[in-house]
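Have a look at model-v3.cif below; it lists mmCIF, C-alpha atoms and all ligand atoms.
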data_start
#
loop_
_atom_site.label_atom_id
_atom_site.label_comp_id
_atom_site.auth_asym_id
_atom_site.auth_seq_id
_atom_site.Cartn_x
_atom_site.Cartn_y
_atom_site.Cartn_z
CA MET G 1 0.00 0.00 0.00
CA ASP G 2 1.28 3.44 -0.79
CA ILE G 3 0.38 6.87 0.46
CA GLU G 4 1.76 8.94 -2.33
CA GLY G 5 0.68 11.19 -5.14
CA SER G 6 0.32 14.57 -3.43
CA ASP G 7 1.25 16.29 -6.68
CA ASP G 8 -1.87 14.99 -8.35
CA GLU G 9 -4.31 16.53 -5.97
CA VAL G 10 -5.36 20.14 -5.68
CA PRO G 11 -6.95 20.64 -2.30
CA VAL G 12 -10.23 22.51 -2.61
CA LEU G 13 -12.02 22.80 0.68
CA VAL G 14 -15.70 22.27 0.00
CA GLU G 15 -16.54 21.53 3.61
CA PRO G 16 -14.66 23.25 6.41
CA LYS G 17 -13.21 21.07 9.12
CA VAL G 18 -15.14 21.76 12.24
CA ALA G 19 -15.28 20.32 15.72
CA VAL G 20 -18.58 20.06 17.45
CA GLN G 21 -18.32 20.40 21.20
CA ASP G 22 -21.98 20.70 22.07
CA ASP G 23 -25.32 21.23 20.41
CA ASP G 24 -25.39 24.98 21.01
CA GLU G 25 -22.08 25.66 19.41
CA VAL G 26 -22.15 26.82 15.81
CA PRO G 27 -18.96 25.65 14.17
CA THR G 28 -17.11 28.31 12.23
CA LEU G 29 -13.91 28.34 10.25
CA VAL G 30 -12.01 31.49 11.18
CA GLN G 31 -9.34 32.52 8.72
CA ASP G 32 -7.54 35.81 8.48
CA PRO G 33 -7.71 36.85 4.82
CA ASN G 34 -4.69 39.16 5.33
CA ALA G 35 -2.49 36.47 6.80
CA LEU G 36 0.72 35.95 4.86
CA PRO G 37 1.25 32.47 3.50
CA THR G 38 3.83 30.63 5.60
CA THR G 39 5.65 27.40 5.07
CA LYS G 40 4.02 24.96 7.40
CA VAL G 41 6.11 22.58 9.41
CA PRO G 42 5.02 18.93 9.37
CA LEU G 43 4.35 17.28 12.70
CA THR G 44 4.43 13.52 13.20
CA ILE G 45 2.92 12.02 16.32
CA VAL G 46 4.96 9.05 17.56
CA THR G 47 2.93 6.85 19.82
CA GLY G 48 3.12 3.32 21.16
CA TYR G 49 2.93 1.28 24.26
CA LEU G 50 5.36 1.53 27.17
CA GLY G 51 8.62 0.00 26.06
CA ALA G 52 7.55 -0.59 22.45
CA GLY G 53 10.57 1.29 21.09
CA LYS G 54 9.55 4.95 20.68
CA THR G 55 12.74 6.38 22.17
CA THR G 56 14.79 3.90 20.15
CA LEU G 57 13.02 5.14 17.00
CA LEU G 58 13.65 8.78 17.89
CA ASN G 59 17.31 8.04 18.48
CA TYR G 60 17.46 6.24 15.17
CA ILE G 61 15.88 9.19 13.34
CA LEU G 62 17.99 11.78 15.11
CA THR G 63 21.23 10.07 14.18
CA ALA G 64 20.22 9.20 10.59
CA GLN G 65 21.28 11.29 7.62
CA HIS G 66 18.05 12.94 6.53
CA GLY G 67 19.25 16.50 6.07
CA LYS G 68 16.45 17.85 8.25
CA LYS G 69 16.56 19.92 11.37
CA ILE G 70 14.11 18.08 13.55
CA ALA G 71 12.57 19.30 16.80
CA VAL G 72 11.63 16.46 19.11
CA ILE G 73 9.04 17.15 21.76
CA LEU G 74 8.60 14.64 24.54
CA ASN G 75 5.24 14.74 26.19
CA GLU G 76 6.41 15.18 29.76
CA PHE G 77 4.89 12.65 32.08
CA GLY G 78 6.45 10.90 35.04
CA ASP G 79 9.47 9.21 33.54
CA SER G 80 10.32 11.88 30.97
CA ILE G 81 13.63 12.67 32.66
CA ASP G 82 14.68 9.09 32.06
CA ILE G 83 13.60 9.35 28.45
CA GLU G 84 15.64 12.51 28.03
CA LYS G 85 18.67 10.77 29.49
CA GLN G 86 18.33 7.97 26.99
CA LEU G 87 18.31 10.27 24.00
CA THR G 88 21.52 10.99 22.16
CA VAL G 89 22.15 14.36 23.74
CA SER G 90 25.30 16.14 22.66
CA ASP G 91 25.01 19.09 25.01
CA SER G 92 26.83 19.14 28.32
CA ASN G 93 24.26 21.53 29.85
CA SER G 94 21.72 18.73 29.83
CA THR G 95 22.90 17.64 33.25
CA THR G 96 22.16 21.01 34.88
CA ALA G 97 19.36 21.06 37.43
CA LYS G 98 17.01 23.00 35.18
CA PRO G 99 17.68 22.09 31.57
CA PRO G 100 17.08 24.69 28.86
CA PRO G 101 13.80 24.28 26.99
CA PHE G 102 15.67 22.85 24.05
CA VAL G 103 18.64 20.55 24.14
CA PRO G 104 20.74 20.48 20.98
CA LEU G 105 21.15 16.96 19.67
CA ALA G 106 23.48 15.32 17.22
CA ASN G 107 23.11 16.49 13.59
CA GLY G 108 21.48 19.84 14.37
CA CYS G 109 18.24 18.55 15.81
CA ILE G 110 16.75 19.89 19.03
CA CYS G 111 14.83 18.26 21.83
CA CYS G 112 12.57 19.45 24.61
CA SER G 113 9.97 18.07 26.94
CA ALA G 114 6.58 19.66 27.45
CA LYS G 115 3.56 19.00 29.62
CA ASP G 116 1.17 20.89 27.38
CA VAL G 117 1.28 19.57 23.84
CA GLY G 118 -1.47 21.80 22.47
CA VAL G 119 -0.85 23.68 19.24
CA ALA G 120 -0.24 27.07 20.91
CA ALA G 121 2.18 25.55 23.41
CA ILE G 122 4.17 23.88 20.66
CA GLU G 123 4.21 26.99 18.49
CA ASN G 124 5.49 28.90 21.52
CA LEU G 125 8.22 26.39 22.13
CA MET G 126 9.16 26.52 18.49
CA ASP G 127 9.51 30.29 18.66
CA GLN G 128 12.14 29.79 21.36
CA GLY G 129 13.80 26.89 19.60
CA GLY G 130 14.73 28.64 16.37
CA LEU G 131 14.54 27.34 12.86
CA PHE G 132 13.66 23.74 12.25
CA ASP G 133 11.82 21.94 9.52
CA TYR G 134 10.16 18.97 11.16
CA ILE G 135 8.50 18.19 14.50
CA LEU G 136 8.31 14.76 16.11
CA LEU G 137 5.97 14.61 19.06
CA GLU G 138 6.45 11.56 21.25
CA THR G 139 3.41 10.85 23.38
CA THR G 140 3.42 8.95 26.61
CA GLY G 141 2.87 5.21 26.33
CA LEU G 142 -0.70 5.46 27.56
CA ALA G 143 -1.79 8.31 25.30
CA ASP G 144 -4.79 8.08 22.99
CA PRO G 145 -3.49 9.68 19.76
CA GLY G 146 -7.07 10.26 18.71
CA ASN G 147 -7.25 13.03 21.30
CA LEU G 148 -4.21 14.80 19.87
CA ALA G 149 -4.71 14.37 16.14
CA PRO G 150 -7.85 16.54 15.83
CA THR G 151 -6.09 19.42 17.61
CA PHE G 152 -3.30 19.60 15.08
CA TRP G 153 -5.47 18.83 12.12
CA LEU G 154 -8.07 21.44 13.05
CA ASP G 155 -5.47 24.08 13.68
CA ASP G 156 -3.81 23.48 10.36
CA GLY G 157 -7.03 24.76 8.82
CA LEU G 158 -7.01 27.78 11.15
CA GLY G 159 -3.74 29.32 10.08
CA SER G 160 -1.32 27.40 12.31
CA THR G 161 2.33 27.14 11.33
CA ILE G 162 2.17 23.39 12.00
CA PHE G 163 0.37 20.66 10.09
CA LEU G 164 -0.27 17.07 11.03
CA ASP G 165 1.71 14.81 8.70
CA GLY G 166 0.69 11.52 10.29
CA ILE G 167 0.66 9.21 13.26
CA VAL G 168 3.32 6.53 13.68
CA THR G 169 2.56 3.79 16.20
CA LEU G 170 5.17 1.42 17.60
CA VAL G 171 3.94 -1.93 18.82
CA ASP G 172 5.85 -4.54 20.75
CA ALA G 173 5.57 -7.78 18.75
CA LYS G 174 5.92 -9.86 21.91
CA ASN G 175 3.21 -8.21 24.01
CA VAL G 176 0.75 -6.54 21.67
CA LEU G 177 -1.73 -9.43 21.50
CA LYS G 178 -1.85 -9.59 25.29
CA SER G 179 -2.45 -5.83 25.37
CA LEU G 180 -5.30 -6.10 22.85
CA ASP G 181 -6.94 -9.10 24.53
CA GLU G 182 -6.50 -8.30 28.20
CA GLY G 183 -5.60 -4.64 28.38
CA TYR G 184 -2.11 -5.79 29.48
CA GLY G 185 -0.23 -2.69 30.59
CA ASP G 186 -3.34 -0.52 30.93
CA GLY G 187 -3.86 -1.44 34.59
CA GLU G 188 -7.09 -2.62 36.20
CA GLU G 189 -8.34 0.86 36.99
CA GLU G 190 -7.85 2.07 33.42
CA VAL G 191 -9.50 -1.04 31.99
CA GLU G 192 -12.52 -0.44 34.23
CA LYS G 193 -12.64 3.25 33.24
CA ARG G 194 -12.56 2.38 29.56
CA ARG G 195 -15.40 -0.07 29.99
CA HIS G 196 -17.48 2.77 31.39
CA GLU G 197 -16.43 5.27 28.76
CA HIS G 198 -16.76 3.13 25.68
CA ASP G 199 -19.01 0.25 26.48
CA HIS G 200 -22.22 1.24 28.12
CA ASP G 201 -23.33 -2.35 28.71
CA HIS G 202 -19.95 -3.23 30.25
CA ASP G 203 -19.98 -6.68 28.72
CA GLY G 204 -18.82 -5.93 25.19
CA PRO G 205 -15.27 -6.38 23.91
CA LEU G 206 -12.70 -4.27 25.70
CA LEU G 207 -11.30 -1.16 24.04
CA THR G 208 -7.66 -0.93 25.13
CA THR G 209 -4.99 1.73 24.70
CA ALA G 210 -3.37 -0.63 22.18
CA HIS G 211 -6.58 -0.55 20.09
CA LEU G 212 -6.65 3.24 20.11
CA GLN G 213 -3.00 3.53 19.15
CA ILE G 214 -3.43 1.06 16.30
CA SER G 215 -6.75 2.35 14.96
CA HIS G 216 -5.45 5.91 14.57
CA ALA G 217 -2.09 4.96 13.07
CA ASP G 218 -1.07 5.89 9.55
CA VAL G 219 2.10 3.81 9.93
CA ILE G 220 2.67 0.94 12.32
CA LEU G 221 6.08 -0.40 13.22
CA ILE G 222 5.84 -3.88 14.68
CA ASN G 223 9.06 -3.75 16.67
CA LYS G 224 11.07 -6.27 18.69
CA THR G 225 10.60 -8.91 16.01
CA ASP G 226 13.70 -10.67 17.37
CA LEU G 227 11.61 -11.76 20.37
CA VAL G 228 8.96 -13.69 18.40
CA THR G 229 8.85 -16.59 15.95
CA PRO G 230 7.85 -15.97 12.31
CA GLU G 231 4.48 -17.64 13.05
CA GLU G 232 3.84 -15.38 16.04
CA LEU G 233 4.79 -12.37 13.97
CA GLU G 234 2.38 -13.39 11.21
CA LYS G 235 -0.45 -13.54 13.76
CA VAL G 236 0.42 -10.07 15.01
CA VAL G 237 0.46 -8.66 11.47
CA GLU G 238 -2.92 -10.20 10.67
CA ARG G 239 -4.52 -8.96 13.86
CA ILE G 240 -3.23 -5.43 13.33
CA ARG G 241 -4.30 -5.43 9.69
CA SER G 242 -7.80 -6.51 10.74
CA ILE G 243 -8.05 -3.54 13.12
CA ASN G 244 -6.62 -0.96 10.74
CA GLY G 245 -6.83 -1.85 7.06
CA LEU G 246 -5.54 1.55 5.96
CA THR G 247 -2.28 1.66 7.84
CA ARG G 248 1.13 0.85 6.41
CA ILE G 249 2.88 -1.85 8.40
CA LYS G 250 6.58 -2.54 8.77
CA THR G 251 8.26 -5.13 10.96
CA THR G 252 11.42 -3.91 12.69
CA THR G 253 14.07 -4.67 15.26
CA LYS G 254 15.49 -1.80 17.28
CA SER G 255 13.00 0.47 15.46
CA GLU G 256 15.24 0.56 12.40
CA VAL G 257 13.59 2.01 9.30
CA PRO G 258 16.25 2.64 6.67
CA GLN G 259 13.83 4.50 4.41
CA LEU G 260 12.50 7.28 6.65
CA GLU G 261 11.39 9.70 3.97
CA GLY G 262 7.94 8.86 2.70
CA PHE G 263 7.45 6.13 5.26
CA ILE G 264 7.84 7.86 8.64
CA LEU G 265 8.53 11.44 7.58
CA ASP G 266 6.58 13.44 4.98
CA ILE G 267 3.84 10.89 4.42
CA ASN G 268 1.08 13.49 4.13
CA ALA G 269 -1.41 11.01 5.54
CA TYR G 270 -4.02 13.67 6.14
CA ALA G 271 -3.94 14.96 2.59
CA ASP G 272 -3.67 12.00 0.27
CA VAL G 273 -6.27 9.36 -0.41
CA THR G 274 -5.33 6.98 -3.19
CA ALA G 275 -7.65 4.47 -4.82
CA ASP G 276 -5.08 1.76 -3.98
CA ASP G 277 -5.25 2.55 -0.24
CA LEU G 278 -8.97 2.06 -0.21
CA THR G 279 -8.98 -1.07 -2.36
CA PHE G 280 -6.33 -2.56 -0.09
CA ALA G 281 -8.37 -1.71 3.03
CA SER G 282 -11.44 -3.44 1.64
CA LYS G 283 -9.52 -6.71 1.33
CA GLY G 284 -8.68 -6.88 5.07
CA HIS G 285 -9.58 -9.66 7.49
CA SER G 286 -12.05 -7.49 9.28
CA HIS G 287 -13.30 -9.94 11.90
CA LEU G 288 -10.13 -11.00 13.69
CA ASP G 289 -10.58 -8.34 16.36
CA ALA G 290 -13.85 -8.11 18.25
CA THR G 291 -13.40 -4.48 19.29
CA ILE G 292 -12.19 -2.41 16.35
CA THR G 293 -12.67 -3.15 12.68
CA THR G 294 -12.10 -1.59 9.30
CA SER G 295 -15.19 -1.47 7.16
CA THR G 296 -15.46 -0.46 3.51
CA ILE G 297 -18.71 0.71 1.95
CA SER G 298 -18.72 0.76 -1.85
CA PHE G 299 -21.41 2.48 -3.88
CA PRO G 300 -21.90 3.89 -7.38
CA ALA G 301 -20.59 7.35 -8.32
CA LEU G 302 -22.80 10.08 -6.84
CA THR G 303 -24.82 12.53 -8.87
CA PRO G 304 -24.11 16.18 -7.97
CA GLU G 305 -27.49 16.29 -6.21
CA GLN G 306 -26.48 13.40 -3.94
CA VAL G 307 -23.36 15.14 -2.61
CA ASP G 308 -25.30 17.09 0.04
CA LYS G 309 -27.08 13.92 1.10
CA PHE G 310 -23.79 12.11 1.47
CA ASP G 311 -22.50 15.02 3.51
CA LEU G 312 -25.54 14.82 5.77
CA PHE G 313 -24.86 11.10 6.25
CA LEU G 314 -21.30 11.91 7.36
CA ARG G 315 -22.40 14.67 9.70
CA THR G 316 -24.97 12.39 11.29
CA ILE G 317 -22.57 9.53 11.95
CA LEU G 318 -19.66 11.73 13.06
CA TRP G 319 -21.35 14.51 14.98
CA GLU G 320 -24.47 12.85 16.27
CA GLU G 321 -22.96 9.37 16.50
CA THR G 322 -26.13 7.85 15.20
CA LEU G 323 -27.37 6.50 11.87
CA PRO G 324 -29.71 8.64 9.78
CA ASN G 325 -33.38 7.78 9.19
CA ASP G 326 -33.76 6.22 12.63
CA THR G 327 -31.93 3.12 11.38
CA PRO G 328 -31.60 0.77 14.34
CA HIS G 329 -27.99 0.28 15.42
CA GLU G 330 -25.64 -0.66 18.24
CA SER G 331 -23.45 2.11 19.64
CA PHE G 332 -20.39 2.93 17.54
CA GLU G 333 -17.47 5.33 17.36
CA VAL G 334 -15.47 6.29 14.29
CA HIS G 335 -11.74 6.79 14.85
CA ARG G 336 -10.53 7.33 11.33
CA LEU G 337 -12.11 7.51 7.90
CA LYS G 338 -11.01 7.96 4.32
CA GLY G 339 -13.00 7.99 1.14
CA ARG G 340 -12.81 8.53 -2.58
CA ILE G 341 -16.09 9.57 -4.09
CA PRO G 342 -16.45 9.94 -7.88
CA ILE G 343 -19.19 12.29 -9.02
CA THR G 344 -21.03 11.76 -12.31
CA ASP G 345 -19.99 15.26 -13.46
CA GLY G 346 -16.37 14.05 -13.64
CA ARG G 347 -15.06 15.27 -10.27
CA VAL G 348 -13.58 13.01 -7.59
CA LEU G 349 -13.99 14.00 -3.94
CA LEU G 350 -11.36 12.89 -1.41
CA LEU G 351 -12.50 12.43 2.14
CA GLN G 352 -10.42 12.44 5.32
CA GLY G 353 -11.59 12.19 8.90
CA VAL G 354 -10.40 11.62 12.44
CA ARG G 355 -12.89 11.29 15.29
CA ASN G 356 -15.64 13.85 14.63
CA LEU G 357 -13.63 15.98 12.18
CA TYR G 358 -13.67 15.51 8.45
CA ASP G 359 -12.93 17.42 5.30
CA ILE G 360 -13.50 16.93 1.63
CA ASN G 361 -11.07 17.98 -1.08
CA GLU G 362 -11.42 17.73 -4.79
CA ALA G 363 -8.89 15.48 -6.54
CA LYS G 364 -7.18 16.78 -9.63
CA ASP G 365 -7.39 13.51 -11.52
CA PRO G 366 -10.78 13.09 -13.18
CA VAL G 367 -13.15 10.21 -12.64
CA ARG G 368 -12.21 7.02 -14.50
CA GLU G 369 -14.64 4.81 -16.36
CA GLY G 370 -16.36 2.43 -13.95
CA ASP G 371 -14.98 4.12 -10.80
CA GLU G 372 -17.05 3.34 -7.77
CA ALA G 373 -17.17 5.30 -4.55
CA LYS G 374 -15.47 3.88 -1.46
CA LEU G 375 -15.83 4.96 2.12
CA VAL G 376 -13.49 3.28 4.63
CA LEU G 377 -14.31 3.55 8.33
CA ILE G 378 -12.11 2.41 11.22
CA GLY G 379 -13.62 2.19 14.68
CA ARG G 380 -15.88 0.37 17.09
CA GLY G 381 -19.12 -1.00 15.67
CA VAL G 382 -18.51 0.42 12.18
CA GLY G 383 -19.10 -2.92 10.43
CA GLN G 384 -22.82 -2.93 11.21
CA GLU G 385 -25.10 -3.52 8.23
CA GLY G 386 -27.05 -0.40 9.26
CA PHE G 387 -24.30 1.84 7.87
CA ARG G 388 -24.81 0.55 4.33
CA LYS G 389 -28.57 0.52 4.68
CA SER G 390 -28.91 4.05 5.99
CA LEU G 391 -26.46 5.42 3.43
CA SER G 392 -28.32 3.88 0.51
CA GLN G 393 -31.65 5.10 1.92
CA MET G 394 -30.27 8.59 2.31
CA LEU G 395 -28.84 8.66 -1.23
CA ALA G 396 -32.13 7.36 -2.65
CA SER G 397 -34.31 9.90 -0.76
N1 LIG G 401 14.98 -7.14 22.05
C1 LIG G 401 14.71 -5.93 21.58
N2 LIG G 401 14.76 -4.87 22.40
C2 LIG G 401 14.46 -3.65 21.90
C3 LIG G 401 14.09 -3.46 20.54
N3 LIG G 401 13.83 -2.15 20.35
C4 LIG G 401 14.01 -1.54 21.53
N4 LIG G 401 14.41 -2.43 22.47
C5 LIG G 401 14.70 -2.19 23.89
O1 LIG G 401 13.47 -2.10 24.59
C6 LIG G 401 13.58 -1.16 25.66
C7 LIG G 401 12.47 -0.09 25.53
O2 LIG G 401 12.70 0.66 24.35
P1 LIG G 401 12.33 2.21 24.28
O3 LIG G 401 12.77 2.72 22.95
O4 LIG G 401 12.84 2.93 25.49
O5 LIG G 401 10.76 2.12 24.35
P2 LIG G 401 9.72 3.32 24.58
O6 LIG G 401 8.53 2.99 23.76
O7 LIG G 401 10.34 4.63 24.35
O8 LIG G 401 9.41 3.11 26.11
P3 LIG G 401 8.69 4.15 27.13
O9 LIG G 401 9.41 5.45 26.99
O10 LIG G 401 8.88 3.49 28.45
O11 LIG G 401 7.26 4.22 26.75
C8 LIG G 401 14.97 -0.57 25.57
O12 LIG G 401 15.78 -1.27 26.49
C9 LIG G 401 15.41 -0.89 24.15
O13 LIG G 401 16.79 -1.01 24.00
C10 LIG G 401 14.06 -4.61 19.68
O14 LIG G 401 13.74 -4.56 18.50
N5 LIG G 401 14.36 -5.81 20.27
#
Could you take the file, read its structure, and then write that structure out as structure tokens?
Amino acid sequence: MDIEGSDDEVPVLVEPKVAVQDDDEVPTLVQDPNALPTTKVPLTIVTGYLGAGKTTLLNYILTAQHGKKIAVILNEFGDSIDIEKQLTVSDSNSTTAKPPPFVPLANGCICCSAKDVGVAAIENLMDQGGLFDYILLETTGLADPGNLAPTFWLDDGLGSTIFLDGIVTLVDAKNVLKSLDEGYGDGEEEVEKRRHEHDHDHDGPLLTTAHLQISHADVILINKTDLVTPEELEKVVERIRSINGLTRIKTTTKSEVPQLEGFILDINAYADVTADDLTFASKGHSHLDATITTSTISFPALTPEQVDKFDLFLRTILWEETLPNDTPHESFEVHRLKGRIPITDGRVLLLQGVRNLYDINEAKDPVREGDEAKLVLIGRGVGQEGFRKSLSQMLAS
């Protein structure tokens, strides 16, 4: 699977990205028409379970020859001092009681730790840190990247100097299945909390941190492959693929990814949607995991009149978390979505979404003969037949 082809697509925002906090709030897209165009700096979120190999990956990137000046931000939490110590720090000041906000690293990169990883906080830090051309944000092992991604994606539409390039998730080949099945590493309290948050009946399949980190990932590194047999590794790959059919997967030891560019860095995962990605996703083994699945809905090219109806379908599932037309359904939550929607007038609409945010751009390449529309959803309960049914009812109305 490949996430390439940014040159082919001219982004035309036909639907602003908006977040809906509550029913009274009217979402607006605020843009300063006088703002000067700036070169936006890509930000990659690096997530993954405790001990999966995040710091090892950052060290690998920071010592590789990529010609970039990278700013690494460590989401400060408990053991961040230890993490800092592990990084390849070339500055002697790093041992002072109060380290400077940024520590210069080997090959011109800089590193800092921050409690607040909101957009404004990071832009502030960047102002102090000087020129750089890439940001890697390492989250804590227990972070839900789905909480962070909308912040950076939304702000990119609001004139930020940062844009979300993608989410890279490290998984530990040896322990990931235990994490997915039992919430291994989440702790009893957290497991109980998640049951209350995500499963109102408390007897459904458990949603673990590992699920959240995998379902939101654009790239997954299955690390520590030296600790498993080829058969065990194959099982891990299949399970992960069944959760997230859109992600690119690579198996690694010591988080080594010789080809960083286009695989970890500069993947543009929130801009590009290729037909190949979606076709690949629809061939997944979608029932290996009881909690999170990838579901593909295919339908014929839309007429221009159906575009608004399709948009209403999206708004209903993402903002109201229900299916249109009172279609009966079990509870669900969408973590990530992508779509490619040909229109009978020759246009192709590209759809991107994370949690309750989405946007639609117009692809430059025209519709091809026989193209069908594809909507890929990743999340809990997204494989229900009701999705197809309510969409076709809505389009036919
Ligand atoms: N056997 C083996 N060990 C590895 C591999 N990759 C990393 N490690 C080791 O696993 C340990 C944890 O790696 P880290 O890179 O610190 O993992 P992390 O995800 O940053 O961990 P936290 O910061 O605790 O969340 C370290 O001792 C690494 O040297 C690997 O592929 N195989």
Selection near region 286-300 of chain G, 6 Å with all atoms listed in the file, sequence-local residues under 5 positions removed, as a PDB file with C-alpha atoms, in the frame of the given file:
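Result file is result-v3.pdb:
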ATOM      1  CA  PRO G 205     -15.270  -6.380  23.910  1.00  0.00           C
ATOM      2  CA  ARG G 239      -4.520  -8.960  13.860  1.00  0.00           C
ATOM      3  CA  SER G 242      -7.800  -6.510  10.740  1.00  0.00           C
ATOM      4  CA  ILE G 243      -8.050  -3.540  13.120  1.00  0.00           C
ATOM      5  CA  ASN G 244      -6.620  -0.960  10.740  1.00  0.00           C
ATOM      6  CA  GLY G 245      -6.830  -1.850   7.060  1.00  0.00           C
ATOM      7  CA  GLU G 372     -17.050   3.340  -7.770  1.00  0.00           C
ATOM      8  CA  ALA G 373     -17.170   5.300  -4.550  1.00  0.00           C
ATOM      9  CA  LYS G 374     -15.470   3.880  -1.460  1.00  0.00           C
ATOM     10  CA  LEU G 375     -15.830   4.960   2.120  1.00  0.00           C
ATOM     11  CA  VAL G 376     -13.490   3.280   4.630  1.00  0.00           C
ATOM     12  CA  LEU G 377     -14.310   3.550   8.330  1.00  0.00           C
ATOM     13  CA  ILE G 378     -12.110   2.410  11.220  1.00  0.00           C
ATOM     14  CA  GLY G 379     -13.620   2.190  14.680  1.00  0.00           C
ATOM     15  CA  ARG G 380     -15.880   0.370  17.090  1.00  0.00           C
ATOM     16  CA  GLY G 383     -19.100  -2.920  10.430  1.00  0.00           C
TER      17      GLY G 383
END
Task: Residue among G:Leu177, G:Val219, G:Met126, G:Lys254 lying closest to ligand LIG 401 (chain G), counting all atoms listed in the file - done: G:Lys254
Using all atoms listed in the file, which residues of chain G come within 10 Å of ligand LIG 401 (chain G), and what is the closest atom pair for each, with the distance in Å to one decimal? Give it as a tab-separated table, sorted by chain and residue number.
residue	atom	partner	partner_atom	distance
G:Val46	CA	G:LIG401	O6	9.4
G:Thr47	CA	G:LIG401	O6	7.9
G:Gly48	CA	G:LIG401	O6	6.0
G:Tyr49	CA	G:LIG401	O11	5.8
G:Leu50	CA	G:LIG401	O11	3.3
G:Gly51	CA	G:LIG401	O8	3.2
G:Ala52	CA	G:LIG401	O6	3.9
G:Gly53	CA	G:LIG401	O3	3.2
G:Lys54	CA	G:LIG401	O7	3.8
G:Thr55	CA	G:LIG401	O7	3.7
G:Thr56	CA	G:LIG401	O3	3.6
G:Leu57	CA	G:LIG401	O3	6.4
G:Leu58	CA	G:LIG401	O3	7.9
G:Asn59	CA	G:LIG401	O3	8.3
G:Tyr60	CA	G:LIG401	O3	9.7
G:Leu74	CA	G:LIG401	O9	9.5
G:Phe77	CA	G:LIG401	O9	9.9
G:Asp79	CA	G:LIG401	O9	7.6
G:Ser80	CA	G:LIG401	O9	7.6
G:Asp82	CA	G:LIG401	O9	8.2
G:Ile83	CA	G:LIG401	O9	5.9
G:Glu84	CA	G:LIG401	O9	9.5
G:Gln86	CA	G:LIG401	O4	7.6
G:Leu87	CA	G:LIG401	O4	9.3
G:Glu138	CA	G:LIG401	O7	8.5
G:Thr139	CA	G:LIG401	O11	8.4
G:Thr140	CA	G:LIG401	O11	6.1
G:Gly141	CA	G:LIG401	O11	4.5
G:Leu142	CA	G:LIG401	O11	8.1
G:Thr169	CA	G:LIG401	O6	9.7
G:Leu170	CA	G:LIG401	O6	7.2
G:Val171	CA	G:LIG401	O6	8.3
G:Asp172	CA	G:LIG401	O14	8.2
G:Ala173	CA	G:LIG401	O14	8.8
G:Lys174	CA	G:LIG401	N1	9.5
G:Ile222	CA	G:LIG401	O14	8.8
G:Asn223	CA	G:LIG401	O14	5.1
G:Lys224	CA	G:LIG401	O14	3.2
G:Thr225	CA	G:LIG401	O14	5.9
G:Asp226	CA	G:LIG401	N5	5.7
G:Leu227	CA	G:LIG401	N1	6.0
G:Val228	CA	G:LIG401	N1	9.6
G:Thr251	CA	G:LIG401	O14	9.3
G:Thr252	CA	G:LIG401	O14	6.3
G:Thr253	CA	G:LIG401	O14	3.3
G:Lys254	CA	G:LIG401	O14	3.5
G:Ser255	CA	G:LIG401	N3	5.6
G:Glu256	CA	G:LIG401	O14	8.1
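Rounded to one decimal, CA of Leu180 (chain G) and CA of Leu207 (chain G) lie 7.9 Å from each other.
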Task: region 334-345 of chain G environment, 9 Å, all atoms listed in the file, sequence neighbours closer than 2 positions dropped, as number ranges by chain - done: G: 146, 212, 215-217, 246, 273-275, 278, 299-304, 306-307, 317-318, 321, 332, 347-356, 358, 360, 363, 366-368, 371-382
Open item on the list: Counting only C-alpha atoms, find residues at most 10 Å from (-23.0, 13.7, 6.8) (file frame) and give them as a ChimeraX atom specification.
Closed with: /G:307-320,323-324,358,391,394
- [ ] Considering all atoms listed in the file, state which residue in the set G:Val72, G:Ala210, G:Ala281, G:Val176 is at the smallest distance from Val237 (chain G).
- [x] G:Val176
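Here CA of Trp153 (chain G) stands at a distance of 24.9 Å from CA of Thr279 (chain G).
Take CA of Ile167 (chain G) and CA of Arg248 (chain G): the distance between them is 10.8 Å.
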Could you please fill out region 147-153 of chain G with N, CA and C atoms and send it back as a PDB file, in the frame of the given file?
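What follows is the written file rebuild.pdb:
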ATOM      1  N   ASN G 147      -6.970  11.771  20.616  1.00  0.00           N
ATOM      2  CA  ASN G 147      -7.250  13.030  21.300  1.00  0.00           C
ATOM      3  C   ASN G 147      -6.372  14.154  20.778  1.00  0.00           C
ATOM      4  N   LEU G 148      -5.171  13.784  20.322  1.00  0.00           N
ATOM      5  CA  LEU G 148      -4.210  14.800  19.870  1.00  0.00           C
ATOM      6  C   LEU G 148      -4.408  15.160  18.401  1.00  0.00           C
ATOM      7  N   ALA G 149      -4.673  14.154  17.587  1.00  0.00           N
ATOM      8  CA  ALA G 149      -4.710  14.370  16.140  1.00  0.00           C
ATOM      9  C   ALA G 149      -5.693  15.478  15.728  1.00  0.00           C
ATOM     10  N   PRO G 150      -6.926  15.497  16.267  1.00  0.00           N
ATOM     11  CA  PRO G 150      -7.850  16.540  15.830  1.00  0.00           C
ATOM     12  C   PRO G 150      -7.339  17.943  16.138  1.00  0.00           C
ATOM     13  N   THR G 151      -6.609  18.103  17.240  1.00  0.00           N
ATOM     14  CA  THR G 151      -6.090  19.420  17.610  1.00  0.00           C
ATOM     15  C   THR G 151      -5.181  19.956  16.515  1.00  0.00           C
ATOM     16  N   PHE G 152      -4.251  19.121  16.081  1.00  0.00           N
ATOM     17  CA  PHE G 152      -3.300  19.600  15.080  1.00  0.00           C
ATOM     18  C   PHE G 152      -3.938  19.695  13.708  1.00  0.00           C
ATOM     19  N   TRP G 153      -4.839  18.814  13.432  1.00  0.00           N
ATOM     20  CA  TRP G 153      -5.470  18.830  12.120  1.00  0.00           C
ATOM     21  C   TRP G 153      -6.394  20.041  11.994  1.00  0.00           C
TER      22      TRP G 153
END
